[in-house]
$ cat model31.pdb   # PDB, C-alpha atoms
ATOM      1  CA  MET L 410      33.053  -6.636  74.803
ATOM      2  CA  LEU L 411      32.450  -6.504  78.548
ATOM      3  CA  ASP L 412      31.119  -9.483  80.413
ATOM      4  CA  PRO L 413      27.561  -9.182  81.705
ATOM      5  CA  SER L 414      27.344  -7.638  85.150
ATOM      6  CA  PRO L 415      26.409  -9.903  88.078
ATOM      7  CA  CYS L 416      22.906  -8.411  88.023
ATOM      8  CA  GLU L 417      22.275  -9.396  84.405
ATOM      9  CA  PRO L 418      20.976 -12.900  83.624
ATOM     10  CA  VAL L 419      23.518 -15.250  82.088
ATOM     11  CA  SER L 420      22.362 -17.559  79.331
ATOM     12  CA  PRO L 421      22.832 -21.302  79.928
ATOM     13  CA  ALA L 422      25.088 -21.489  76.860
ATOM     14  CA  LEU L 423      27.328 -18.716  78.227
ATOM     15  CA  GLU L 424      27.440 -20.315  81.662
ATOM     16  CA  PHE L 425      28.595 -23.573  80.110
ATOM     17  CA  GLY L 426      31.138 -21.708  77.962
ATOM     18  CA  ARG L 427      32.597 -19.984  81.009
ATOM     19  CA  GLU L 428      33.189 -23.354  82.666
ATOM     20  CA  VAL L 429      35.012 -24.583  79.579
ATOM     21  CA  LYS L 430      37.125 -21.425  79.454
ATOM     22  CA  ALA L 431      37.996 -21.668  83.156
ATOM     23  CA  ALA L 432      39.124 -25.269  82.797
ATOM     24  CA  ARG L 433      41.169 -24.424  79.699
ATOM     25  CA  GLU L 434      42.914 -21.473  81.316
ATOM     26  CA  ALA L 435      43.621 -23.494  84.480
ATOM     27  CA  ARG L 436      45.727 -25.770  82.277
ATOM     28  CA  GLY L 437      47.382 -22.854  80.519
ATOM     29  CA  TRP L 438      46.002 -23.916  77.122
ATOM     30  CA  THR L 439      45.093 -21.733  74.175
ATOM     31  CA  GLN L 440      41.850 -22.238  72.316
ATOM     32  CA  ASP L 441      43.835 -23.874  69.502
ATOM     33  CA  GLN L 442      45.349 -26.388  71.917
ATOM     34  CA  LEU L 443      41.935 -27.210  73.384
ATOM     35  CA  ALA L 444      40.463 -27.583  69.901
ATOM     36  CA  ILE L 445      43.145 -30.133  69.021
ATOM     37  CA  ALA L 446      42.498 -32.068  72.212
ATOM     38  CA  LEU L 447      38.707 -32.051  71.581
ATOM     39  CA  HIS L 448      39.045 -32.951  67.882
ATOM     40  CA  CYS L 449      37.263 -29.818  66.714
ATOM     41  CA  ARG L 450      38.202 -26.397  65.343
ATOM     42  CA  GLN L 451      39.257 -23.261  67.217
ATOM     43  CA  PRO L 452      36.341 -21.081  65.967
ATOM     44  CA  TYR L 453      33.909 -23.600  67.440
ATOM     45  CA  VAL L 454      35.671 -23.486  70.824
ATOM     46  CA  SER L 455      35.554 -19.685  70.680
ATOM     47  CA  LYS L 456      31.802 -19.634  69.990
ATOM     48  CA  VAL L 457      31.137 -22.066  72.830
ATOM     49  CA  GLU L 458      33.210 -20.067  75.320
ATOM     50  CA  ARG L 459      31.458 -16.814  74.376
ATOM     51  CA  GLY L 460      28.050 -18.447  74.693
ATOM     52  CA  GLU L 461      27.219 -17.803  71.044
ATOM     53  CA  GLN L 462      26.540 -21.496  70.503
ATOM     54  CA  LEU L 463      25.500 -24.215  72.884
ATOM     55  CA  ALA L 464      28.056 -27.002  72.709
ATOM     56  CA  SER L 465      27.032 -30.299  71.174
ATOM     57  CA  ALA L 466      26.647 -33.407  73.287
ATOM     58  CA  VAL L 467      29.818 -34.805  71.686
ATOM     59  CA  PHE L 468      31.762 -31.647  72.607
ATOM     60  CA  ALA L 469      30.668 -31.992  76.242
ATOM     61  CA  GLU L 470      31.649 -35.663  76.323
ATOM     62  CA  GLN L 471      35.079 -34.788  74.922
ATOM     63  CA  CYS L 472      35.474 -32.115  77.603
ATOM     64  CA  ASP L 473      34.849 -34.747  80.269
ATOM     65  CA  ARG L 474      37.505 -36.936  78.664
ATOM     66  CA  VAL L 475      40.092 -34.163  78.312
ATOM     67  CA  PHE L 476      39.506 -32.523  81.703
ATOM     68  CA  GLY L 477      39.073 -35.804  83.575
ATOM     69  CA  THR L 478      35.572 -35.026  84.824
ATOM     70  CA  PRO L 479      33.415 -38.086  84.046
ATOM     71  CA  GLY L 480      29.921 -36.894  83.180
ATOM     72  CA  THR L 481      30.252 -33.388  84.610
ATOM     73  CA  TYR L 482      30.295 -31.409  81.376
ATOM     74  CA  ALA L 483      27.702 -33.710  79.835
ATOM     75  CA  ARG L 484      25.335 -32.963  82.724
ATOM     76  CA  TRP L 485      26.041 -29.211  82.589
ATOM     77  CA  ARG L 486      25.436 -29.181  78.866
ATOM     78  CA  GLN L 487      22.181 -31.096  79.229
ATOM     79  CA  ARG L 488      20.899 -28.710  81.879
ATOM     80  CA  ALA L 489      21.765 -25.839  79.553
ATOM     81  CA  ALA L 490      19.887 -27.512  76.706
ATOM     82  CA  ASP L 491      16.804 -28.044  78.894
ATOM     83  CA  ALA L 492      16.853 -24.539  80.348
ATOM     84  CA  GLY L 493      14.712 -23.054  77.562
ATOM     85  CA  SER L 494      12.023 -25.714  77.836
ATOM     86  CA  PRO L 495       8.911 -25.343  79.990
ATOM     87  CA  THR L 496       9.392 -26.858  83.433
ATOM     88  CA  TRP L 497       6.609 -29.364  82.840
ATOM     89  CA  PHE L 498       8.294 -30.599  79.617
ATOM     90  CA  ILE L 499      11.694 -31.388  81.119
ATOM     91  CA  PRO L 500      10.616 -34.732  82.675
ATOM     92  CA  TYR L 501       9.553 -35.892  79.221
ATOM     93  CA  LEU L 502      12.858 -34.799  77.654
ATOM     94  CA  GLN L 503      14.735 -36.802  80.273
ATOM     95  CA  LEU L 504      12.576 -39.863  79.564
ATOM     96  CA  GLU L 505      13.056 -39.395  75.819
ATOM     97  CA  ARG L 506      16.844 -39.362  76.144
ATOM     98  CA  GLU L 507      16.886 -42.500  78.292
ATOM     99  CA  ALA L 508      14.134 -44.468  76.532
ATOM    100  CA  LEU L 509      14.609 -47.867  75.000
ATOM    101  CA  ALA L 510      11.607 -47.316  72.719
ATOM    102  CA  ILE L 511       9.272 -44.411  71.905
ATOM    103  CA  CYS L 512       5.787 -44.974  70.479
ATOM    104  CA  ASP L 513       4.091 -41.769  69.330
ATOM    105  CA  TYR L 514       0.572 -41.142  68.043
ATOM    106  CA  SER L 515       0.063 -37.695  66.487
ATOM    107  CA  ASN L 516      -3.241 -36.385  65.199
ATOM    108  CA  ALA L 517      -2.525 -32.647  64.821
ATOM    109  CA  PHE L 518       1.184 -32.094  64.145
ATOM    110  CA  ILE L 519       4.215 -34.215  63.351
ATOM    111  CA  MET L 520       6.069 -34.980  66.578
ATOM    112  CA  GLY L 521       8.800 -32.493  67.435
ATOM    113  CA  ILE L 522      11.786 -34.777  67.005
ATOM    114  CA  LEU L 523      10.851 -35.371  63.334
ATOM    115  CA  GLN L 524      10.033 -31.756  62.441
ATOM    116  CA  THR L 525      12.066 -29.647  60.048
ATOM    117  CA  PRO L 526      13.136 -26.184  61.274
ATOM    118  CA  GLU L 527      10.641 -24.492  58.940
ATOM    119  CA  TYR L 528       7.759 -26.707  60.050
ATOM    120  CA  ALA L 529       8.643 -26.161  63.726
ATOM    121  CA  GLU L 530       8.790 -22.401  63.164
ATOM    122  CA  ALA L 531       5.324 -22.454  61.582
ATOM    123  CA  VAL L 532       3.949 -24.441  64.526
ATOM    124  CA  PHE L 533       5.441 -22.043  67.076
ATOM    125  CA  ARG L 534       4.289 -18.945  65.177
ATOM    126  CA  SER L 535       0.757 -20.300  65.075
ATOM    127  CA  ALA L 536       0.717 -21.242  68.754
ATOM    128  CA  ARG L 537       2.614 -18.189  70.053
ATOM    129  CA  PRO L 538       1.957 -15.282  67.646
ATOM    130  CA  GLN L 539       3.021 -12.745  70.297
ATOM    131  CA  ASP L 540       6.588 -14.129  70.523
ATOM    132  CA  SER L 541       9.449 -12.239  68.887
ATOM    133  CA  THR L 542      11.418 -13.604  65.971
ATOM    134  CA  ALA L 543      14.374 -14.185  68.299
ATOM    135  CA  ASP L 544      12.221 -16.166  70.747
ATOM    136  CA  ILE L 545      10.807 -18.311  67.943
ATOM    137  CA  LYS L 546      14.293 -18.964  66.593
ATOM    138  CA  LYS L 547      15.465 -20.057  70.040
ATOM    139  CA  ARG L 548      12.534 -22.438  70.430
ATOM    140  CA  VAL L 549      13.229 -23.954  67.011
ATOM    141  CA  GLU L 550      16.904 -24.461  67.869
ATOM    142  CA  GLU L 551      15.938 -26.181  71.117
ATOM    143  CA  ARG L 552      13.606 -28.504  69.242
ATOM    144  CA  MET L 553      16.217 -29.327  66.610
ATOM    145  CA  ARG L 554      18.695 -30.321  69.326
ATOM    146  CA  ARG L 555      16.423 -33.233  70.215
ATOM    147  CA  ARG L 556      17.626 -34.901  67.005
ATOM    148  CA  GLU L 557      20.917 -35.577  68.775
ATOM    149  CA  LEU L 558      19.109 -38.514  70.330
ATOM    150  CA  PHE L 559      19.739 -40.497  67.164
ATOM    151  CA  ASP L 560      23.435 -39.616  67.094
ATOM    152  CA  SER L 561      24.061 -41.690  70.213
ATOM    153  CA  PRO L 562      25.693 -45.132  69.950
ATOM    154  CA  ARG L 563      22.438 -46.822  71.012
ATOM    155  CA  PRO L 564      19.489 -44.685  69.893
ATOM    156  CA  PRO L 565      15.979 -45.738  70.902
ATOM    157  CA  SER L 566      13.546 -47.285  68.466
ATOM    158  CA  LEU L 567      10.974 -44.706  67.372
ATOM    159  CA  TRP L 568       7.565 -45.813  66.126
ATOM    160  CA  VAL L 569       5.324 -43.011  64.898
ATOM    161  CA  ILE L 570       1.666 -43.274  63.876
ATOM    162  CA  LEU L 571       0.439 -40.169  62.047
ATOM    163  CA  HIS L 572      -3.219 -39.534  61.402
ATOM    164  CA  GLU L 573      -3.587 -38.799  57.698
ATOM    165  CA  ALA L 574      -5.020 -35.382  58.540
ATOM    166  CA  VAL L 575      -1.551 -34.392  59.753
ATOM    167  CA  LEU L 576      -0.177 -34.886  56.244
ATOM    168  CA  TRP L 577      -2.810 -32.599  54.724
ATOM    169  CA  SER L 578      -2.750 -29.880  57.392
ATOM    170  CA  ASN L 579      -0.621 -27.518  55.224
ATOM    171  CA  VAL L 580       1.423 -26.178  58.132
ATOM    172  CA  GLY L 581       3.476 -23.224  56.902
ATOM    173  CA  GLY L 582       2.330 -23.610  53.294
ATOM    174  CA  ALA L 583       3.062 -26.003  50.450
ATOM    175  CA  THR L 584       6.824 -25.362  50.354
ATOM    176  CA  VAL L 585       7.219 -26.126  54.063
ATOM    177  CA  MET L 586       5.062 -29.249  53.763
ATOM    178  CA  ARG L 587       7.031 -30.561  50.784
ATOM    179  CA  ALA L 588      10.257 -30.274  52.767
ATOM    180  CA  GLN L 589       8.630 -31.822  55.850
ATOM    181  CA  LEU L 590       7.214 -34.819  54.003
ATOM    182  CA  THR L 591      10.528 -35.328  52.206
ATOM    183  CA  HIS L 592      12.212 -35.298  55.614
ATOM    184  CA  LEU L 593       9.775 -37.945  56.890
ATOM    185  CA  LEU L 594      10.617 -40.195  53.964
ATOM    186  CA  ALA L 595      14.340 -39.741  54.627
ATOM    187  CA  ALA L 596      13.908 -40.386  58.368
ATOM    188  CA  SER L 597      12.053 -43.624  57.641
ATOM    189  CA  GLU L 598      15.240 -45.002  56.067
ATOM    190  CA  SER L 599      16.783 -45.215  59.527
ATOM    191  CA  PRO L 600      16.610 -48.727  60.973
ATOM    192  CA  HIS L 601      15.533 -47.141  64.258
ATOM    193  CA  ILE L 602      12.501 -45.253  62.892
ATOM    194  CA  THR L 603       9.178 -46.678  61.679
ATOM    195  CA  ILE L 604       6.336 -44.513  60.399
ATOM    196  CA  GLN L 605       2.721 -45.546  59.879
ATOM    197  CA  VAL L 606      -0.207 -43.515  58.612
ATOM    198  CA  LEU L 607      -3.665 -43.921  60.116
ATOM    199  CA  PRO L 608      -5.873 -43.365  57.050
ATOM    200  CA  PHE L 609      -9.152 -41.484  56.947
ATOM    201  CA  ARG L 610     -10.959 -44.756  56.251
ATOM    202  CA  ALA L 611     -10.029 -45.947  59.762
ATOM    203  CA  ALA L 612     -12.948 -43.785  60.948
ATOM    204  CA  THR L 613     -12.913 -43.077  64.689
ATOM    205  CA  PRO L 614      -9.462 -43.823  66.152
ATOM    206  CA  SER L 615      -9.221 -45.940  69.278
ATOM    207  CA  ARG L 616      -7.887 -42.847  71.082
ATOM    208  CA  GLY L 617      -8.844 -39.294  70.206
ATOM    209  CA  GLU L 618      -5.857 -37.466  71.717
ATOM    210  CA  ALA L 619      -2.194 -37.510  70.814
ATOM    211  CA  PHE L 620      -0.004 -39.433  73.259
ATOM    212  CA  ILE L 621       3.371 -41.123  73.645
ATOM    213  CA  VAL L 622       4.272 -44.390  75.341
ATOM    214  CA  LEU L 623       7.936 -44.636  76.301
ATOM    215  CA  THR L 624       9.674 -47.848  77.313
ATOM    216  CA  ARG L 625      12.402 -47.318  79.889
ATOM    217  CA  GLN L 626      15.644 -49.244  80.060
ATOM    218  CA  ASP L 627      14.203 -51.570  82.712
ATOM    219  CA  GLY L 628      11.381 -52.539  80.343
ATOM    220  CA  THR L 629       8.596 -50.615  82.108
ATOM    221  CA  ASP L 630       6.346 -48.215  80.202
ATOM    222  CA  VAL L 631       5.313 -44.653  80.969
ATOM    223  CA  LEU L 632       2.650 -42.476  79.327
ATOM    224  CA  TYR L 633       3.128 -38.874  78.251
ATOM    225  CA  GLU L 634       0.254 -36.730  77.000
ATOM    226  CA  GLU L 635      -0.445 -33.013  76.705
ATOM    227  CA  THR L 636      -3.411 -30.828  77.506
ATOM    228  CA  TYR L 637      -3.914 -27.347  76.072
ATOM    229  CA  GLN L 638      -1.489 -25.743  78.514
ATOM    230  CA  ARG L 639       0.919 -28.432  79.697
ATOM    231  CA  GLY L 640       1.985 -32.044  79.511
ATOM    232  CA  GLN L 641       2.170 -34.740  82.129
ATOM    233  CA  VAL L 642       3.900 -38.053  82.704
ATOM    234  CA  ASP L 643       1.910 -40.944  84.168
ATOM    235  CA  ASP L 644       3.401 -44.313  85.112
ATOM    236  CA  SER L 645       0.402 -45.763  86.945
ATOM    237  CA  ALA L 646      -0.146 -49.355  85.841
ATOM    238  CA  ASP L 647      -3.811 -49.052  84.827
ATOM    239  CA  VAL L 648      -3.326 -45.896  82.769
ATOM    240  CA  VAL L 649      -0.218 -47.182  81.010
ATOM    241  CA  THR L 650      -1.849 -50.527  80.233
ATOM    242  CA  GLU L 651      -4.848 -48.779  78.667
ATOM    243  CA  ALA L 652      -2.579 -46.501  76.615
ATOM    244  CA  ARG L 653      -0.476 -49.409  75.385
ATOM    245  CA  ALA L 654      -3.610 -51.306  74.330
ATOM    246  CA  ALA L 655      -4.913 -48.218  72.520
ATOM    247  CA  TYR L 656      -1.600 -47.851  70.688
ATOM    248  CA  GLU L 657      -1.695 -51.456  69.532
ATOM    249  CA  ARG L 658      -5.219 -50.915  68.153
ATOM    250  CA  LEU L 659      -4.014 -47.823  66.317
ATOM    251  CA  ARG L 660      -1.090 -49.794  64.928
ATOM    252  CA  ALA L 661      -3.462 -52.493  63.674
ATOM    253  CA  ASP L 662      -5.776 -49.934  62.005
ATOM    254  CA  ALA L 663      -2.900 -48.028  60.365
ATOM    255  CA  LEU L 664      -1.475 -48.717  56.938
ATOM    256  CA  SER L 665       1.544 -50.972  56.810
ATOM    257  CA  PRO L 666       4.902 -49.159  56.919
ATOM    258  CA  ALA L 667       5.384 -49.711  53.166
ATOM    259  CA  ASP L 668       1.875 -48.486  52.304
ATOM    260  CA  SER L 669       2.316 -45.578  54.724
ATOM    261  CA  LEU L 670       5.379 -44.366  52.849
ATOM    262  CA  ALA L 671       3.426 -44.692  49.608
ATOM    263  CA  ARG L 672       0.681 -42.539  51.129
ATOM    264  CA  ILE L 673       3.237 -39.910  52.196
ATOM    265  CA  ARG L 674       4.684 -39.865  48.656
ATOM    266  CA  HIS L 675       1.152 -39.507  47.306
ATOM    267  CA  VAL L 676       0.486 -36.440  49.468
ATOM    268  CA  LEU L 677       3.934 -35.058  48.643
ATOM    269  CA  GLU L 678       3.047 -35.283  44.950
ATOM    270  CA  ALA L 679      -0.136 -33.330  45.638
ATOM    271  CA  TYR L 680       1.839 -30.574  47.370
ATOM    272  CA  THR L 681       4.255 -30.568  44.433
ATOM    273  CA  HIS L 682       1.545 -30.028  41.810
ATOM    274  CA  GLU L 683      -0.990 -27.957  43.708
ATOM    275  CA  HIS L 684      -0.564 -24.739  45.677
ATOM    276  CA  GLN L 685      -2.935 -25.763  48.452
ATOM    277  CA  PRO L 686      -4.027 -29.385  47.956
ATOM    278  CA  GLU L 687      -6.945 -31.055  49.673
ATOM    279  CA  PRO L 688      -7.700 -34.732  50.065
ATOM    280  CA  HIS L 689     -10.423 -35.793  47.654
ATOM    281  CA  PRO L 690     -13.209 -37.999  49.057
ATOM    282  CA  ARG L 691     -12.018 -40.807  46.835
ATOM    283  CA  ASP L 692      -8.612 -40.578  48.506
ATOM    284  CA  MET L 693     -10.062 -41.065  51.970
ATOM    285  CA  GLY L 694     -10.140 -44.813  51.439
ATOM    286  CA  GLU L 695      -8.373 -47.465  49.417
ATOM    287  CA  VAL L 696      -9.720 -49.756  46.736
ATOM    288  CA  GLN L 697      -8.816 -53.426  46.998
ATOM    289  CA  LEU L 698      -8.297 -54.567  43.425
ATOM    290  CA  GLN L 699      -7.636 -58.243  43.970
ATOM    291  CA  PRO L 700      -7.189 -60.418  47.038
ATOM    292  CA  GLY L 701      -3.599 -60.285  48.212
ATOM    293  CA  LYS L 702      -2.772 -57.369  45.934
ATOM    294  CA  ARG L 703      -1.343 -54.140  47.297
ATOM    295  CA  ARG L 704      -3.912 -51.388  47.829
ATOM    296  CA  GLN L 705      -3.710 -48.699  45.207
ATOM    297  CA  LEU L 706      -4.089 -44.960  45.667
ATOM    298  CA  ARG L 707      -6.055 -42.716  43.375
ATOM    299  CA  ARG L 708      -4.534 -39.443  42.185
ATOM    300  CA  VAL L 709      -5.390 -36.353  44.143
ATOM    301  CA  ARG L 710      -5.832 -33.977  41.237
ATOM    302  CA  PRO L 711      -9.165 -34.165  39.427
ATOM    303  CA  GLN L 712      -9.141 -35.285  35.815
ATOM    304  CA  PRO L 713     -10.297 -32.795  33.148
ATOM    305  CA  HIS L 714     -14.039 -32.512  32.586
ATOM    306  CA  THR L 715     -14.773 -34.310  35.845
ATOM    307  CA  VAL L 716     -17.226 -32.802  38.272
ATOM    308  CA  ILE L 717     -16.201 -33.466  41.862
ATOM    309  CA  ARG L 718     -17.881 -32.536  45.110
ATOM    310  CA  HIS L 719     -15.288 -31.729  47.765
ATOM    311  CA  ARG L 720     -15.975 -32.500  51.380
ATOM    312  CA  PRO L 721     -14.682 -30.060  53.996
ATOM    313  CA  ARG L 722     -11.029 -30.316  54.905
ATOM    314  CA  PRO L 723     -10.289 -32.333  58.052
ATOM    315  CA  ARG L 724      -9.952 -30.340  61.218
ATOM    316  CA  GLN L 725      -6.415 -29.698  62.416
TER     317      GLN L 725
END
$ encode --input "model31.pdb" --output "C-alpha cells"
Amino acid sequence: MLDPSPCEPVSPALEFGREVKAAREARGWTQDQLAIALHCRQPYVSKVERGEQLASAVFAEQCDRVFGTPGTYARWRQRAADAGSPTWFIPYLQLEREALAICDYSNAFIMGILQTPEYAEAVFRSARPQDSTADIKKRVEERMRRRELFDSPRPPSLWVILHEAVLWSNVGGATVMRAQLTHLLAASESPHITIQVLPFRAATPSRGEAFIVLTRQDGTDVLYEETYQRGQVDDSADVVTEARAAYERLRADALSPADSLARIRHVLEAYTHEHQPEPHPRDMGEVQLQPGKRRQLRRVRPQPHTVIRHRPRPRQ
C-alpha cells in the first residue's frame, strides 16, 4: 500500500506511527525487537506504525524510555489523542488529565468518562444524526480513551452527582441502559470514584445546568460548563466560589453513596423487567419507615389489579 501523498491529510495516529517507525529504523531494529523492548507484541507495533491504532499512553511512555526522549512521545501521543476533539474542548481535557479532583453534576447524560461505548454512540447519534457511522465510531473511540485517566499511578478522585432523570432517560434503549447502569455500579467500586443520585424528591436543584468543578494540583479550583454549542473554562474567583457552593448544596440534597447505588440497582431492575420503564410517582420520593432506619424504595412495576395514574416522564 502506498503512503499518502504530501497533499493528502495524515491522521494523527499515522503521524505518531511514522515517528515511531523512524526511530526504530534509525536504530536498525525490527518490529519484533522493538516489541520486546516495549514489552508488547509485534502486531501491536505494526498497527501503531501504520496508523491503524493510536498508541496507548503506556506505549508512548515506553517509547520515551527506550528511545531516550523524556516526555516527547507522550506529548506527541496526547496531541494525537486530542486532535479529534473540538478546539474548545481541549482545554478541559488537559485540565481533566492534570486534576487532583473532579466534581461533576449531570442532569441530562452520564458524564463522558463513565459512559459505555454503546451509550456514547447513542448520545452522538442523537446529537449528530448527519454524521457517518465512521465518524460516530471515531468519536466514541476518542471518548473511551479518556478512561486511561484512571490507569495512571495517581488518578484523580471523581465525584459524580447524577440527577435521577438521567437514570430513566432510556438513552439507546433498555439494553444499552442496562449495560450503562451495570457499568456505573462497577465503576463505583473504585476507591477513586463516588457516585450520588439527586432524587426527584429534591425538587428544584440548587443549579439548573450541568457543570464540573476541577481541583488543580496546586489546590485551586476551576469551573467548566457547556452551552448548546461549546464549553468554556472559568477560573475567576467569584464564579468558581459560587459553583463550589452550589455543588456542596447538591451533594447535601443527594442520596448518600450507599442509597444512590441502591437507587441505581432499583432502576436497573426496572430496565431488566420492562421494555421501556418509567418512574412511578410513588418512586419519586422515599418513605421513612422509622427514625434512623434506611430509606426504602418501592418497586417500579405496578402490582396486579392496581390502578395507577402515571405522571409525564421527566424531560431529558
$ residues_around --input "model31.pdb" --residues "Val569 (chain L)" --least-positions-apart "5" --cutoff "10 Å" --atoms "all atoms listed in the file" --output "PyMOL selection string"
chain L and resi 511-515+519-520+523+597+602-606+621+660
$ resolve_selection --input "model31.pdb" --expression "the PyMOL selection byres ((chain L and resi 663-677) around 10)" --output "number ranges by chain"
L: 570-573, 576-577, 583, 586-591, 593-594, 597, 603-611, 614, 657-662, 678-683, 686-688, 692, 703-709
$ resolve_selection --input "model31.pdb" --expression "the PyMOL selection byres ((chain L and resi 441) around 10)" --output "VMD selection string"
chain L and resid 438 to 440 442 to 447 449 to 452 454 to 455
$ resolve_selection --input "model31.pdb" --expression "the PyMOL selection byres ((chain L and resi 558) around 10)" --output "list of chain:residue names"
L:Ala466, L:Glu505, L:Arg506, L:Glu507, L:Ala508, L:Ile522, L:Arg554, L:Arg555, L:Arg556, L:Glu557, L:Phe559, L:Asp560, L:Ser561, L:Pro562, L:Arg563, L:Pro564, L:Pro565
$ atom_distance --input "model31.pdb" --atom1 "CA of Leu463 (chain L)" --atom2 "CA of Leu423 (chain L)"
7.9 Å
$ atom_distance --input "model31.pdb" --atom1 "CA of Glu634 (chain L)" --atom2 "CA of Glu618 (chain L)"
8.1 Å
$ residues_around --input "model31.pdb" --residues "Thr636 (chain L)" --least-positions-apart "4" --cutoff "12 Å" --atoms "only C-alpha atoms" --output "ChimeraX atom specification"
/L:497-498,618-620,640-642
$ atom_distance --input "model31.pdb" --atom1 "CA of Ile545 (chain L)" --atom2 "CA of Ala517 (chain L)"
19.8 Å
$ closest_residue --input "model31.pdb" --among "L:Ala652, L:Gln524, L:Arg625, L:Ala574" --to "Ala595 (chain L)" --atoms "all atoms listed in the file"
L:Gln524
$ residues_near_point --input "model31.pdb" --point "(23.5, -29.6, 77.2)" --cutoff "10 Å" --atoms "only C-alpha atoms" --output "list in words"
Pro421, Ala422, Phe425, Leu463, Ala464, Ser465, Ala466, Val467, Phe468, Ala469, Tyr482, Ala483, Arg484, Trp485, Arg486, Gln487, Arg488, Ala489, Ala490, Asp491, Ala492 and Arg554 of chain L
$ residues_near_point --input "model31.pdb" --point "(10.4, -29.8, 69.5)" --cutoff "7 Å" --atoms "all atoms listed in the file" --output "JSON, numbers by chain"
{"L": [521, 522, 549, 551, 552, 553, 555]}
